[in-house]
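Undergrad: Submitted below is the structure of interest, expressed as structure tokens.
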Amino acid sequence: MKKKLLFSGAGGSIFPYMFEELREKYDVYAMDSDPKIKKLYANEKIFTVPNITDDTFENTIMNIIKEHNIDVYIPGIDEEILLAIKIADKMNIQVLSPSEEFVELCLDKFKLMKILDTKGISHIKTFMADKYSEEFDYPIFLKPNIGRGSRGIKKIENLDEYEAYFVLEEYEKKDVLVQPFIGGDEYTVSVTLNNLNQLIAIVPKIVYTKQGITKYAQSIKQVEIESICKKIVEILKPQGSFNVQLKLIEGKVYIFEINPRFSTTLVLSVASGVNEVDLAIENFNKESVEYIEIFKYIKLIRRWENFFYE
């Protein structure tokens, strides 16, 4: 009998690709708070659910899991992950996420930057804006300490833009990180491991174009990046798959974010021969796994499509 998977974020860019890639081996369900998504995928098993902040969200998900005998819960939204871990524990099912401790660390970007620095993993001098006194030359980067995607992230060219940011974006300075602008090539890196912290694969992807999500990228082997990601696994012990956002300058790695979930570039990993979801499920609870050294170098280009329905 096929295992039943429940993805959140059905309106995200990994679909419909992942429906097709997983359906032969798994029974795939997905959910989203936008009711239009169910209509968009009329032939798929899609649930419309409340927003994560809604008091009924937890019971709704638990009812779906119980009614449809879901085996694996795969949260794709940052704000959902900690709740997903608790739900999976209550329902005694598998959840594809890192440990609660690692998730909490990654969701607090300032704390993460400090830990990466003190552990000797990556060094980017970082301030909270309410403690910042123009220590960096312009341009600089501002971003919310708690948040996901590209929301609120802005490159700032001068002091006027810096002050305007807090008026236009409506963030308080105590909630915003300040970092120096770092050039170099940008990468998003998928790191696949199981719940026992056994490393399965590392797939770096060089980002050529990014607009909220990665639009144009290529999977590629990169020794320095692989070494840093192995260090994260060894020192921080995530106990579940994650993705890293970083810059590479003359062989030196600068990590500016770690997302404790599968990336939207999951599809590029799969096309490269590394099915992160399947590998995490198949290697669950295994004390020894096979590390994937070789994968195909593939380019991803995302484009718009038009859908019409009555």
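In the structure tokens, chains take the letters A, B, ... in the order shown, each chain's residues start at 1, and ligands count up from 1 in the order shown.
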Compile the contact shell of A:Lys143 as a ChimeraX atom specification: residues with an atom at most 8 Å away, counting only C-alpha atoms, same-chain residues fewer than 2 positions apart removed.
TA: /A:141,145,151-154,176-178
Undergrad: Can you pull out every residue within 10 Å of A:Tyr132, counting only C-alpha atoms, but drop anything in the same chain fewer than 3 positions away, and send it as a short mmCIF file (atom, residue, chain, number, x, y, z; two decimals) with N, CA and C atoms, in the first residue's frame?
TA:
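So out-v1.cif came out as:
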```
data_model
loop_
_atom_site.label_atom_id
_atom_site.label_comp_id
_atom_site.auth_asym_id
_atom_site.auth_seq_id
_atom_site.Cartn_x
_atom_site.Cartn_y
_atom_site.Cartn_z
N THR A 126 26.44 41.35 12.12
CA THR A 126 25.01 41.62 12.06
C THR A 126 24.57 42.41 13.28
N PHE A 127 23.72 43.41 13.06
CA PHE A 127 23.15 44.21 14.14
C PHE A 127 21.63 44.18 14.03
N MET A 128 20.97 44.34 15.18
CA MET A 128 19.57 44.74 15.14
C MET A 128 19.55 46.24 14.91
N ALA A 129 18.58 46.73 14.15
CA ALA A 129 18.59 48.13 13.73
C ALA A 129 18.56 49.11 14.90
N GLU A 135 27.67 51.35 11.27
CA GLU A 135 28.97 50.67 11.30
C GLU A 135 29.43 50.23 9.91
N PHE A 136 28.50 50.10 8.94
CA PHE A 136 28.85 49.60 7.61
C PHE A 136 28.78 50.72 6.58
N LYS A 173 12.50 49.23 14.47
CA LYS A 173 13.93 48.97 14.37
C LYS A 173 14.36 47.75 15.19
N LYS A 174 13.69 47.51 16.29
CA LYS A 174 14.05 46.36 17.13
C LYS A 174 13.74 45.02 16.46
N LEU A 177 17.05 43.32 11.02
CA LEU A 177 18.49 43.08 10.99
C LEU A 177 19.16 44.03 10.01
N VAL A 178 20.40 44.41 10.34
CA VAL A 178 21.23 45.20 9.45
C VAL A 178 22.50 44.38 9.16
N GLN A 179 22.79 44.22 7.87
CA GLN A 179 24.00 43.49 7.47
C GLN A 179 24.69 44.24 6.33
#
```
Undergrad: Counting only C-alpha atoms, what is within 10 Å of A:Phe262, bar same-chain residues fewer than 4 positions away, as a list in words?
TA: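 Once the adjacent positions are removed, what remains is Ile14, Ile74, Pro75, Gly76, Ile77, Leu96, Ser97, Val189, Ser190, Val191, Thr192, Gly240, Ser241, Phe242, Asn243, Val244, Leu266, Val267, Glu276 and Val277 of chain A.
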Undergrad: Would you put the residues from that selection into a file with N, CA and C atoms, as a compact mmCIF listing (two decimals), in the first residue's frame?
TA:
```txt
# COMPACT_ATOMS: atom_id res chain seq x y z
N ILE A 14 6.57 24.43 -6.17
CA ILE A 14 7.01 23.04 -6.38
C ILE A 14 5.92 22.19 -7.04
N ILE A 74 4.37 17.07 5.57
CA ILE A 74 5.51 17.82 5.03
C ILE A 74 5.18 19.31 5.04
N PRO A 75 5.52 20.02 6.11
CA PRO A 75 5.23 21.45 6.19
C PRO A 75 6.16 22.26 5.28
N GLY A 76 5.57 23.22 4.56
CA GLY A 76 6.37 24.01 3.64
C GLY A 76 6.38 25.49 3.95
N ILE A 77 5.79 25.87 5.08
CA ILE A 77 5.67 27.28 5.46
C ILE A 77 6.34 27.47 6.81
N LEU A 96 8.36 15.55 8.08
CA LEU A 96 9.64 15.84 7.44
C LEU A 96 10.04 17.27 7.78
N SER A 97 10.77 17.39 8.87
CA SER A 97 11.29 18.69 9.30
C SER A 97 12.47 18.43 10.22
N VAL A 189 21.09 26.06 -1.26
CA VAL A 189 21.66 24.72 -1.12
C VAL A 189 20.70 23.80 -0.38
N SER A 190 20.32 22.71 -1.03
CA SER A 190 19.46 21.71 -0.39
C SER A 190 20.32 20.70 0.35
N VAL A 191 20.04 20.53 1.63
CA VAL A 191 20.77 19.56 2.45
C VAL A 191 19.76 18.53 2.94
N THR A 192 19.91 17.31 2.48
CA THR A 192 18.97 16.24 2.80
C THR A 192 19.58 15.31 3.85
N GLY A 240 17.05 16.71 10.29
CA GLY A 240 16.03 16.83 9.25
C GLY A 240 16.52 17.74 8.15
N SER A 241 15.90 17.66 6.98
CA SER A 241 16.37 18.41 5.81
C SER A 241 16.15 19.91 5.96
N PHE A 242 17.03 20.69 5.33
CA PHE A 242 16.95 22.14 5.39
C PHE A 242 17.59 22.72 4.13
N ASN A 243 17.46 24.04 3.93
CA ASN A 243 18.17 24.67 2.83
C ASN A 243 18.88 25.93 3.31
N VAL A 244 20.00 26.21 2.67
CA VAL A 244 20.88 27.30 3.08
C VAL A 244 20.96 28.34 1.96
N LEU A 266 13.49 22.57 -4.55
CA LEU A 266 13.38 21.12 -4.40
C LEU A 266 13.24 20.46 -5.77
N VAL A 267 12.49 21.09 -6.66
CA VAL A 267 12.24 20.49 -7.99
C VAL A 267 13.54 20.35 -8.76
N GLU A 276 14.61 14.64 -2.72
CA GLU A 276 14.78 14.91 -1.29
C GLU A 276 13.67 14.32 -0.43
N VAL A 277 12.43 14.42 -0.90
CA VAL A 277 11.29 13.92 -0.13
C VAL A 277 11.35 12.41 -0.01
```
Undergrad: Would you kindly return, as an MDAnalysis selection string, each protein, DNA or RNA residue with an atom no farther than 10 Å from any atom of A:Glu293, considering only C-alpha atoms and excluding same-chain residues fewer than 6 positions away?
TA: chainID A and resid 200:203 221
Undergrad: Go ahead and dump the residues you just picked, N, CA and C atoms, as a PDB file, in the first residue's frame.
TA:
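Okay, this is what ended up in result_36.pdb:
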```pdb
ATOM      1  N   ILE A 200      22.428  12.619   3.730  1.00  0.00           N
ATOM      2  CA  ILE A 200      22.109  11.868   2.516  1.00  0.00           C
ATOM      3  C   ILE A 200      22.626  12.561   1.260  1.00  0.00           C
ATOM      4  N   ALA A 201      22.445  13.888   1.173  1.00  0.00           N
ATOM      5  CA  ALA A 201      22.871  14.596  -0.040  1.00  0.00           C
ATOM      6  C   ALA A 201      22.993  16.091   0.225  1.00  0.00           C
ATOM      7  N   ILE A 202      23.877  16.726  -0.533  1.00  0.00           N
ATOM      8  CA  ILE A 202      23.998  18.187  -0.547  1.00  0.00           C
ATOM      9  C   ILE A 202      23.990  18.627  -2.009  1.00  0.00           C
ATOM     10  N   VAL A 203      23.006  19.452  -2.372  1.00  0.00           N
ATOM     11  CA  VAL A 203      22.891  19.905  -3.758  1.00  0.00           C
ATOM     12  C   VAL A 203      22.940  21.438  -3.807  1.00  0.00           C
ATOM     13  N   LYS A 221      28.136  20.988  -8.418  1.00  0.00           N
ATOM     14  CA  LYS A 221      28.991  20.560  -7.311  1.00  0.00           C
ATOM     15  C   LYS A 221      29.884  21.720  -6.882  1.00  0.00           C
TER      16      LYS A 221
END
```
Undergrad: How would you write, as a PyMOL selection string, the set of residues in stretch 131-278 of chain A that DSSP gives as helix (DSSP H, G or I)?
TA: chain A and resi 131+159-168+173-175+223-236+266-271+276-278
Undergrad: Can those selected residues be exported to a file as an mmCIF file, in the first residue's frame so that it contains C-alpha atoms?
TA:
```cif
data_model
loop_
_atom_site.group_PDB
_atom_site.id
_atom_site.type_symbol
_atom_site.label_atom_id
_atom_site.label_comp_id
_atom_site.auth_asym_id
_atom_site.auth_seq_id
_atom_site.Cartn_x
_atom_site.Cartn_y
_atom_site.Cartn_z
ATOM 1 C CA LYS A 131 21.543 48.924 18.070
ATOM 2 C CA LEU A 159 20.899 57.157 5.109
ATOM 3 C CA ASP A 160 17.727 58.673 3.625
ATOM 4 C CA GLU A 161 16.672 55.273 2.267
ATOM 5 C CA TYR A 162 17.527 53.713 5.632
ATOM 6 C CA GLU A 163 15.200 56.034 7.548
ATOM 7 C CA ALA A 164 12.491 55.790 4.869
ATOM 8 C CA TYR A 165 12.483 51.983 5.145
ATOM 9 C CA PHE A 166 11.009 52.081 8.649
ATOM 10 C CA VAL A 167 8.256 54.418 7.519
ATOM 11 C CA LEU A 168 7.329 52.682 4.278
ATOM 12 C CA LYS A 173 13.931 48.967 14.368
ATOM 13 C CA LYS A 174 14.046 46.358 17.126
ATOM 14 C CA ASP A 175 12.608 43.817 14.657
ATOM 15 C CA VAL A 223 33.445 21.761 -2.634
ATOM 16 C CA GLU A 224 33.586 24.772 -0.264
ATOM 17 C CA ILE A 225 29.804 24.852 0.071
ATOM 18 C CA GLU A 226 29.616 21.118 0.643
ATOM 19 C CA SER A 227 32.223 21.404 3.409
ATOM 20 C CA ILE A 228 30.309 24.202 5.205
ATOM 21 C CA CYS A 229 27.002 22.308 5.006
ATOM 22 C CA LYS A 230 28.625 19.208 6.470
ATOM 23 C CA LYS A 231 29.881 21.403 9.302
ATOM 24 C CA ILE A 232 26.325 22.648 9.975
ATOM 25 C CA VAL A 233 25.079 19.054 10.164
ATOM 26 C CA GLU A 234 27.933 17.987 12.454
ATOM 27 C CA ILE A 235 27.781 20.959 14.848
ATOM 28 C CA LEU A 236 24.110 22.014 14.921
ATOM 29 C CA LEU A 266 13.377 21.121 -4.401
ATOM 30 C CA VAL A 267 12.240 20.494 -7.987
ATOM 31 C CA LEU A 268 15.764 21.181 -9.274
ATOM 32 C CA SER A 269 17.192 18.638 -6.822
ATOM 33 C CA VAL A 270 14.711 16.045 -8.078
ATOM 34 C CA ALA A 271 15.541 16.794 -11.725
ATOM 35 C CA GLU A 276 14.782 14.909 -1.287
ATOM 36 C CA VAL A 277 11.290 13.920 -0.127
ATOM 37 C CA ASP A 278 11.578 10.267 -1.132
#
```
Undergrad: Counting only C-alpha atoms, give me one row per residue of stretch 188-292 of chain A with an atom at most 12 Å from an atom of stretch 301-308 of chain A, showing the shortest contact pair and its distance in Å to one decimal, sorted by chain then residue number, as JSON lines.
TA:
```
{"residue": "A:Val207", "atom": "CA", "partner": "A:Ile301", "partner_atom": "CA", "distance": 10.6}
{"residue": "A:Tyr208", "atom": "CA", "partner": "A:Ile301", "partner_atom": "CA", "distance": 9.7}
{"residue": "A:Thr209", "atom": "CA", "partner": "A:Ile301", "partner_atom": "CA", "distance": 9.1}
{"residue": "A:Lys210", "atom": "CA", "partner": "A:Arg302", "partner_atom": "CA", "distance": 10.2}
{"residue": "A:Gln211", "atom": "CA", "partner": "A:Arg302", "partner_atom": "CA", "distance": 10.6}
{"residue": "A:Ile213", "atom": "CA", "partner": "A:Arg302", "partner_atom": "CA", "distance": 9.5}
{"residue": "A:Thr214", "atom": "CA", "partner": "A:Arg302", "partner_atom": "CA", "distance": 8.0}
{"residue": "A:Lys215", "atom": "CA", "partner": "A:Arg302", "partner_atom": "CA", "distance": 5.0}
{"residue": "A:Tyr216", "atom": "CA", "partner": "A:Ile301", "partner_atom": "CA", "distance": 4.6}
{"residue": "A:Ala217", "atom": "CA", "partner": "A:Ile301", "partner_atom": "CA", "distance": 6.8}
{"residue": "A:Gln218", "atom": "CA", "partner": "A:Ile301", "partner_atom": "CA", "distance": 8.9}
{"residue": "A:Ser219", "atom": "CA", "partner": "A:Ile301", "partner_atom": "CA", "distance": 11.9}
{"residue": "A:Thr264", "atom": "CA", "partner": "A:Arg302", "partner_atom": "CA", "distance": 11.1}
{"residue": "A:Thr265", "atom": "CA", "partner": "A:Arg302", "partner_atom": "CA", "distance": 10.3}
{"residue": "A:Val267", "atom": "CA", "partner": "A:Arg302", "partner_atom": "CA", "distance": 10.7}
{"residue": "A:Leu268", "atom": "CA", "partner": "A:Ile301", "partner_atom": "CA", "distance": 9.6}
```
Undergrad: Enter the distance from atom CA of A:Glu257 to atom CA of A:Gln245, in Å, rounded to one decimal.
TA: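 Here the two named atoms are 5.1 Å from each other.
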Undergrad: One decimal, Å: what's the distance from atom CA of A:Tyr29 over to atom CA of A:Ile146, could you say?
TA: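 Atom-to-atom, atom CA of A:Tyr29 and atom CA of A:Ile146 are spaced 28.7 Å apart.
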Undergrad: Name the residues of stretch 14-177 of chain A that come out as strand (DSSP E) in a backbone DSSP run; write them as a list of chain:residue names.
TA: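 Of stretch 14-177 of chain A, only A:Tyr26, A:Asp27, A:Val28, A:Tyr29, A:Ala30, A:Met31, A:Asp32, A:Lys45, A:Ile46, A:Phe47, A:Thr48, A:Val72, A:Tyr73, A:Ile74, A:Gln94, A:Val95, A:Phe127, A:Met128, A:Ile140, A:Phe141, A:Leu142, A:Lys143, A:Pro144, A:Lys154, A:Lys155, A:Ile156, A:Val176, A:Leu177 fall in strand (DSSP E).
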Undergrad: I need the residues from that last selection saved to file as a CSV table (one decimal), in the first residue's frame (with C-alpha atoms), if you can.
TA:
```
chain,number,residue,atom,x,y,z
A,26,TYR,CA,3.0,7.7,-3.0
A,27,ASP,CA,-0.6,8.9,-2.5
A,28,VAL,CA,-0.1,12.6,-2.5
A,29,TYR,CA,-2.4,15.1,-0.7
A,30,ALA,CA,-1.9,18.8,-0.3
A,31,MET,CA,-3.5,21.8,1.4
A,32,ASP,CA,-3.6,25.6,1.1
A,45,LYS,CA,-6.5,15.8,-3.6
A,46,ILE,CA,-6.3,19.4,-2.3
A,47,PHE,CA,-7.8,20.6,1.0
A,48,THR,CA,-8.7,24.3,1.7
A,72,VAL,CA,3.8,11.7,6.4
A,73,TYR,CA,3.3,15.5,7.1
A,74,ILE,CA,5.5,17.8,5.0
A,94,GLN,CA,6.2,11.1,10.5
A,95,VAL,CA,7.0,14.7,9.9
A,127,PHE,CA,23.1,44.2,14.1
A,128,MET,CA,19.6,44.7,15.1
A,140,ILE,CA,23.6,47.7,3.3
A,141,PHE,CA,20.8,45.1,3.6
A,142,LEU,CA,17.8,45.3,5.9
A,143,LYS,CA,15.5,42.4,6.6
A,144,PRO,CA,13.0,41.4,9.3
A,154,LYS,CA,15.8,45.6,0.9
A,155,LYS,CA,19.1,46.9,-0.3
A,156,ILE,CA,19.7,50.3,1.1
A,176,VAL,CA,15.0,44.4,11.7
A,177,LEU,CA,18.5,43.1,11.0
```
Undergrad: If you take only C-alpha atoms and a cut-off of 9 Å, which residues of stretch 213-276 of chain A touch stretch 103-119 of chain A, and what are their nearest atom pairs and distances in Å to one decimal, in chain and number order, as a tab-separated table?
TA:
```
residue	atom	partner	partner_atom	distance
A:Ile232	CA	A:Leu116	CA	8.5
A:Ile235	CA	A:Lys119	CA	7.8
A:Pro238	CA	A:Val103	CA	8.1
A:Ile255	CA	A:Met113	CA	8.2
A:Phe256	CA	A:Met113	CA	7.4
A:Glu257	CA	A:Lys109	CA	7.0
A:Ile258	CA	A:Cys106	CA	5.8
A:Asn259	CA	A:Cys106	CA	6.3
A:Pro260	CA	A:Val103	CA	5.5
A:Arg261	CA	A:Val103	CA	8.6
```
Undergrad: Write to file, as an mmCIF file, in the first residue's frame, the residues of the selection just made, with C-alpha atoms.
TA:
```cif
data_model
loop_
_atom_site.group_PDB
_atom_site.id
_atom_site.type_symbol
_atom_site.label_atom_id
_atom_site.label_comp_id
_atom_site.auth_asym_id
_atom_site.auth_seq_id
_atom_site.Cartn_x
_atom_site.Cartn_y
_atom_site.Cartn_z
ATOM 1 C CA ILE A 232 26.325 22.648 9.975
ATOM 2 C CA ILE A 235 27.781 20.959 14.848
ATOM 3 C CA PRO A 238 19.438 19.561 12.510
ATOM 4 C CA ILE A 255 25.613 32.226 5.056
ATOM 5 C CA PHE A 256 22.822 34.778 5.367
ATOM 6 C CA GLU A 257 19.893 32.465 6.015
ATOM 7 C CA ILE A 258 18.969 28.860 6.808
ATOM 8 C CA ASN A 259 15.404 27.690 6.146
ATOM 9 C CA PRO A 260 14.388 24.636 8.231
ATOM 10 C CA ARG A 261 12.335 23.049 5.422
#
```
Undergrad: In Å, how far is it from atom CA of A:Met18 to atom CA of A:Lys90?
TA: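 Pair atom CA of A:Met18 / atom CA of A:Lys90 returns 26.9 Å.
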Undergrad: Check the smallest atom-to-atom distance from each of A:Tyr138, A:Phe284, A:Tyr171, A:Phe7 to A:Ile81 using only C-alpha atoms, then report the winner.
TA: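 Using only C-alpha atoms, the shortest distance to A:Ile81 belongs to A:Phe7.
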Undergrad: List the spatial neighbours of A:Ser272 as a ChimeraX atom specification - criterion: any atom at most 6 Å away, only C-alpha atoms, same-chain residues fewer than 3 positions off excluded.
TA: /A:269,295-296,298
